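Source file work17.pdb; content: PDB, C-alpha atoms, pLDDT in the B column.
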```pdb
ATOM      1  CA  MET A   1      96.410  91.691 120.447  1.00 46.00           C
ATOM      2  CA  SER A   2      93.479  94.090 120.019  1.00 64.00           C
ATOM      3  CA  ASP A   3      90.031  93.441 118.591  1.00 88.00           C
ATOM      4  CA  ILE A   4      91.050  94.631 115.123  1.00 95.00           C
ATOM      5  CA  GLN A   5      89.769  92.412 112.308  1.00 96.00           C
ATOM      6  CA  ILE A   6      90.368  92.167 108.555  1.00 97.00           C
ATOM      7  CA  GLY A   7      88.254  94.836 106.842  1.00 98.00           C
ATOM      8  CA  ASP A   8      88.346  97.247 109.798  1.00 98.00           C
ATOM      9  CA  LYS A   9      89.193 100.903 109.206  1.00 98.00           C
ATOM     10  CA  VAL A  10      92.228 101.993 111.222  1.00 98.00           C
ATOM     11  CA  THR A  11      94.839 104.664 111.750  1.00 98.00           C
ATOM     12  CA  ALA A  12      98.379 103.437 111.339  1.00 98.00           C
ATOM     13  CA  ILE A  13     101.728 105.058 112.035  1.00 97.00           C
ATOM     14  CA  TYR A  14     104.365 103.934 109.535  1.00 96.00           C
ATOM     15  CA  LYS A  15     107.844 105.317 110.101  1.00 90.00           C
ATOM     16  CA  THR A  16     107.024 109.031 110.603  1.00 91.00           C
ATOM     17  CA  GLY A  17     103.787 109.195 108.621  1.00 96.00           C
ATOM     18  CA  LYS A  18     100.270 108.571 109.886  1.00 98.00           C
ATOM     19  CA  TYR A  19      97.606 107.075 107.658  1.00 98.00           C
ATOM     20  CA  ILE A  20      93.992 105.951 107.591  1.00 98.00           C
ATOM     21  CA  GLY A  21      93.481 102.599 105.982  1.00 98.00           C
ATOM     22  CA  GLU A  22      91.807  99.228 105.862  1.00 98.00           C
ATOM     23  CA  VAL A  23      93.169  96.048 107.436  1.00 98.00           C
ATOM     24  CA  THR A  24      93.841  93.385 104.794  1.00 98.00           C
ATOM     25  CA  ASN A  25      95.785  90.826 106.843  1.00 98.00           C
ATOM     26  CA  ILE A  26      96.738  90.197 110.452  1.00 97.00           C
ATOM     27  CA  ARG A  27      99.987  88.545 111.462  1.00 94.00           C
ATOM     28  CA  PRO A  28     101.346  87.841 114.956  1.00 90.00           C
ATOM     29  CA  GLU A  29     103.438  91.047 115.173  1.00 94.00           C
ATOM     30  CA  THR A  30     102.174  93.168 112.272  1.00 96.00           C
ATOM     31  CA  ILE A  31      98.975  94.233 110.582  1.00 98.00           C
ATOM     32  CA  LEU A  32      98.825  94.717 106.813  1.00 98.00           C
ATOM     33  CA  VAL A  33      97.061  98.006 106.086  1.00 98.00           C
ATOM     34  CA  ARG A  34      95.860  99.335 102.711  1.00 98.00           C
ATOM     35  CA  VAL A  35      96.290 103.135 102.708  1.00 98.00           C
ATOM     36  CA  LEU A  36      93.160 105.195 102.018  1.00 98.00           C
ATOM     37  CA  ALA A  37      94.198 108.643 103.345  1.00 98.00           C
ATOM     38  CA  VAL A  38      97.162 110.548 104.795  1.00 98.00           C
ATOM     39  CA  VAL A  39      96.902 112.169 108.235  1.00 98.00           C
ATOM     40  CA  THR A  40     100.540 113.198 108.755  1.00 97.00           C
ATOM     41  CA  HIS A  41     103.129 113.441 105.978  1.00 97.00           C
ATOM     42  CA  PRO A  42     106.465 111.711 106.755  1.00 95.00           C
ATOM     43  CA  THR A  43     109.277 113.817 108.207  1.00 90.00           C
ATOM     44  CA  GLN A  44     112.121 114.665 105.844  1.00 91.00           C
ATOM     45  CA  GLY A  45     115.817 114.068 106.491  1.00 83.00           C
ATOM     46  CA  ASP A  46     117.757 111.445 108.413  1.00 75.00           C
ATOM     47  CA  LEU A  47     115.511 109.803 110.991  1.00 70.00           C
ATOM     48  CA  HIS A  48     118.526 108.828 113.107  1.00 68.00           C
ATOM     49  CA  SER A  49     119.710 112.451 113.294  1.00 70.00           C
ATOM     50  CA  HIS A  50     116.387 114.164 113.985  1.00 72.00           C
ATOM     51  CA  LYS A  51     116.244 117.756 112.728  1.00 76.00           C
ATOM     52  CA  ASP A  52     119.896 117.699 111.685  1.00 73.00           C
ATOM     53  CA  ALA A  53     120.650 118.872 108.144  1.00 80.00           C
ATOM     54  CA  ASP A  54     124.390 118.140 108.352  1.00 76.00           C
ATOM     55  CA  VAL A  55     124.108 114.445 107.486  1.00 77.00           C
ATOM     56  CA  PRO A  56     125.599 112.370 104.641  1.00 74.00           C
ATOM     57  CA  LEU A  57     122.174 111.872 103.010  1.00 78.00           C
ATOM     58  CA  PHE A  58     119.159 114.083 103.641  1.00 84.00           C
ATOM     59  CA  HIS A  59     116.337 111.677 102.783  1.00 82.00           C
ATOM     60  CA  GLU A  60     113.312 112.647 100.737  1.00 87.00           C
ATOM     61  CA  ARG A  61     110.450 110.718 102.332  1.00 91.00           C
ATOM     62  CA  ARG A  62     107.301 110.126 100.285  1.00 95.00           C
ATOM     63  CA  ALA A  63     103.896 109.441 101.757  1.00 97.00           C
ATOM     64  CA  LEU A  64     102.545 105.961 101.105  1.00 98.00           C
ATOM     65  CA  ALA A  65     100.447 105.919  97.931  1.00 97.00           C
ATOM     66  CA  TYR A  66      96.699 105.396  97.658  1.00 98.00           C
ATOM     67  CA  ARG A  67      95.889 101.702  98.205  1.00 98.00           C
ATOM     68  CA  GLU A  68      99.570 100.897  98.862  1.00 98.00           C
ATOM     69  CA  GLN A  69      99.867  98.245 101.544  1.00 98.00           C
ATOM     70  CA  ALA A  70     102.317  98.308 104.423  1.00 98.00           C
ATOM     71  CA  ASN A  71     103.079  95.956 107.288  1.00 97.00           C
ATOM     72  CA  ILE A  72     102.603  98.045 110.409  1.00 97.00           C
ATOM     73  CA  PRO A  73     103.650  96.946 113.905  1.00 97.00           C
ATOM     74  CA  ALA A  74     100.405  95.944 115.652  1.00 96.00           C
ATOM     75  CA  LYS A  75     100.952  98.443 118.486  1.00 96.00           C
ATOM     76  CA  MET A  76     100.915 101.290 115.907  1.00 97.00           C
ATOM     77  CA  VAL A  77      97.442 100.427 114.563  1.00 97.00           C
ATOM     78  CA  LYS A  78      94.285 101.818 116.193  1.00 97.00           C
ATOM     79  CA  PRO A  79      90.584 101.582 115.248  1.00 98.00           C
ATOM     80  CA  TYR A  80      89.174 104.469 113.186  1.00 98.00           C
ATOM     81  CA  THR A  81      85.466 105.296 113.084  1.00 95.00           C
ATOM     82  CA  ASP A  82      85.213 108.757 111.479  1.00 96.00           C
ATOM     83  CA  GLU A  83      84.604 109.482 107.814  1.00 97.00           C
ATOM     84  CA  ILE A  84      87.594 108.729 105.592  1.00 97.00           C
ATOM     85  CA  PRO A  85      88.702 111.745 103.551  1.00 98.00           C
ATOM     86  CA  GLU A  86      89.556 111.426  99.860  1.00 98.00           C
ATOM     87  CA  TYR A  87      93.232 110.470  99.441  1.00 98.00           C
ATOM     88  CA  LYS A  88      94.434 113.383  97.295  1.00 97.00           C
ATOM     89  CA  GLU A  89      92.693 115.943  99.521  1.00 98.00           C
ATOM     90  CA  SER A  90      94.139 114.307 102.646  1.00 98.00           C
ATOM     91  CA  LEU A  91      97.641 114.340 101.117  1.00 98.00           C
ATOM     92  CA  THR A  92      97.272 118.027 100.217  1.00 97.00           C
ATOM     93  CA  ASN A  93      96.162 118.838 103.788  1.00 98.00           C
ATOM     94  CA  ALA A  94      98.994 116.803 105.340  1.00 98.00           C
ATOM     95  CA  ILE A  95     101.583 118.562 103.177  1.00 97.00           C
ATOM     96  CA  GLN A  96     100.139 121.964 104.061  1.00 97.00           C
ATOM     97  CA  LYS A  97     100.281 121.166 107.797  1.00 96.00           C
ATOM     98  CA  LEU A  98     103.920 120.113 107.424  1.00 95.00           C
ATOM     99  CA  ARG A  99     104.717 123.174 105.321  1.00 95.00           C
ATOM    100  CA  ASP A 100     103.119 125.476 107.961  1.00 95.00           C
ATOM    101  CA  THR A 101     105.179 123.853 110.728  1.00 93.00           C
ATOM    102  CA  LEU A 102     108.409 124.112 108.737  1.00 93.00           C
ATOM    103  CA  ALA A 103     107.771 127.739 107.718  1.00 93.00           C
ATOM    104  CA  SER A 104     108.000 128.839 111.350  1.00 92.00           C
ATOM    105  CA  ASP A 105     111.334 127.030 111.793  1.00 92.00           C
ATOM    106  CA  ASP A 106     114.407 128.980 110.637  1.00 91.00           C
ATOM    107  CA  THR A 107     116.851 126.048 110.747  1.00 91.00           C
ATOM    108  CA  LEU A 108     118.749 124.545 107.816  1.00 90.00           C
ATOM    109  CA  TRP A 109     116.862 121.287 108.437  1.00 90.00           C
ATOM    110  CA  ALA A 110     113.514 123.050 107.921  1.00 92.00           C
ATOM    111  CA  LYS A 111     114.763 124.751 104.742  1.00 92.00           C
ATOM    112  CA  LYS A 112     115.979 121.451 103.291  1.00 92.00           C
ATOM    113  CA  SER A 113     112.711 119.801 104.320  1.00 93.00           C
ATOM    114  CA  LEU A 114     110.731 122.500 102.500  1.00 95.00           C
ATOM    115  CA  GLU A 115     112.837 121.907  99.385  1.00 93.00           C
ATOM    116  CA  ASN A 116     112.037 118.190  99.574  1.00 94.00           C
ATOM    117  CA  ILE A 117     108.334 118.915 100.053  1.00 95.00           C
ATOM    118  CA  SER A 118     108.309 121.198  96.983  1.00 94.00           C
ATOM    119  CA  THR A 119     109.903 118.439  94.888  1.00 94.00           C
ATOM    120  CA  LEU A 120     107.451 115.845  96.228  1.00 94.00           C
ATOM    121  CA  GLU A 121     104.449 118.074  95.477  1.00 93.00           C
ATOM    122  CA  LYS A 122     105.496 118.216  91.802  1.00 93.00           C
ATOM    123  CA  GLU A 123     105.655 114.418  91.740  1.00 93.00           C
ATOM    124  CA  TYR A 124     102.386 113.909  93.654  1.00 94.00           C
ATOM    125  CA  PHE A 125     100.244 116.360  91.719  1.00 90.00           C
TER     126      PHE A 125
END
```
Rewrite the structure from the file as structure tokens, please.
Amino acid sequence: MSDIQIGDKVTAIYKTGKYIGEVTNIRPETILVRVLAVVTHPTQGDLHSHKDADVPLFHERRALAYREQANIPAKMVKPYTDEIPEYKESLTNAIQKLRDTLASDDTLWAKKSLENISTLEKEYF
């Protein structure tokens, strides 16, 4: 395992989202991370049928909430030393990055993803 300790600031990839957080517990295979900011908003849709809109259930995937804790596989957690942005601002930026990427994609998957993002924005803000 790495040199990560409880209290350290880290980046953590959870499912398809990337977060900045604080380590609150260390287990043999996972690290418990308290979310402080969002770097990358989770991908929408069925993760097993990447970029396919013709699936039985097109999942709406929320970002982890501020101070929500998640068990992250240890290999997906890396030290973080930069300044931590404010959560709401980081979430807004992550959504905008995703929206910009999806806007240049003319597929049905991108259109459905944009619909999900619009719904999530109403819930977030």
message: Which residues, named as in the file, does the PyMOL selection byres ((chain A and resi 42) around 12) pick out? Answer as a ChimeraX atom specification.
response: /A:13-19,38-41,43-47,59-64,91,94-95,97-99,113,116-117,120
Evaluate the PyMOL selection byres ((chain A and resi 81) around 10) on the structure here and hand back the selected residues as a PDB file with C-alpha atoms, in the coordinates of the input.
```pdb
ATOM      1  CA  ASP A   8      88.346  97.247 109.798  1.00 98.00           C
ATOM      2  CA  LYS A   9      89.193 100.903 109.206  1.00 98.00           C
ATOM      3  CA  VAL A  10      92.228 101.993 111.222  1.00 98.00           C
ATOM      4  CA  THR A  11      94.839 104.664 111.750  1.00 98.00           C
ATOM      5  CA  LYS A  78      94.285 101.818 116.193  1.00 97.00           C
ATOM      6  CA  PRO A  79      90.584 101.582 115.248  1.00 98.00           C
ATOM      7  CA  TYR A  80      89.174 104.469 113.186  1.00 98.00           C
ATOM      8  CA  ASP A  82      85.213 108.757 111.479  1.00 96.00           C
ATOM      9  CA  GLU A  83      84.604 109.482 107.814  1.00 97.00           C
ATOM     10  CA  ILE A  84      87.594 108.729 105.592  1.00 97.00           C
TER      11      ILE A  84
END
```
field: Among listed residues A:Tyr66, A:Tyr124, A:Lys88, A:Asp54, nearest Ala110 (chain A) (using only C-alpha atoms)
entry: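 The answer is A:Asp54, which sits nearest to Ala110 (chain A).
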- prompt: In Å, how far is it from CA of Gln69 (chain A) to CA of Arg34 (chain A)?
  reply: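 The value is 4.3 Å.
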message: So, with only C-alpha atoms as the atoms that count, which of A:Gln5, A:Thr30, A:Thr119, A:Asn25 lies closest to Pro73 (chain A)?
response: A:Thr30
query: Of the candidates A:Leu36, A:Thr101, A:Ile4, A:Glu22, which shows the shortest atom-to-atom distance to Pro85 (chain A), using all atoms listed in the file?
result: A:Leu36
message: For a test of reading the model, state the distance in Å between CA of Trp109 (chain A) and CA of His50 (chain A), rounded to one decimal.
response: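 Separation of CA of Trp109 (chain A) and CA of His50 (chain A): 9.0 Å.
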message: When you count only C-alpha atoms, which of these residues is closest to Phe125 (chain A): A:Glu68, A:Asp52, A:Glu89, A:Glu29?
response: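 Checking each candidate against Phe125 (chain A), we get A:Glu89 as the closest.
For the pair CA of Ala74 (chain A) and CA of Ile31 (chain A), the separation is 5.5 Å.
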query: From the list A:Ala37, A:Ala103, A:Ser118, A:Gly21, which residue is nearest Asn71 (chain A) when using only C-alpha atoms?
result: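 Going through A:Ala37, A:Ala103, A:Ser118, A:Gly21 one by one, the smallest distance to Asn71 (chain A) is for A:Gly21.
Nearest residue to Glu86 (chain A), choosing from A:Pro56, A:Ile20, A:Ala70, A:Lys111 and counting all atoms listed in the file: A:Ile20.
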- prompt: Just so the selection is clear, what residues does the PyMOL selection byres ((chain A and resi 24) around 6) cover here, as an MDAnalysis selection string?
  reply: chainID A and resid 6 23 25 32:33
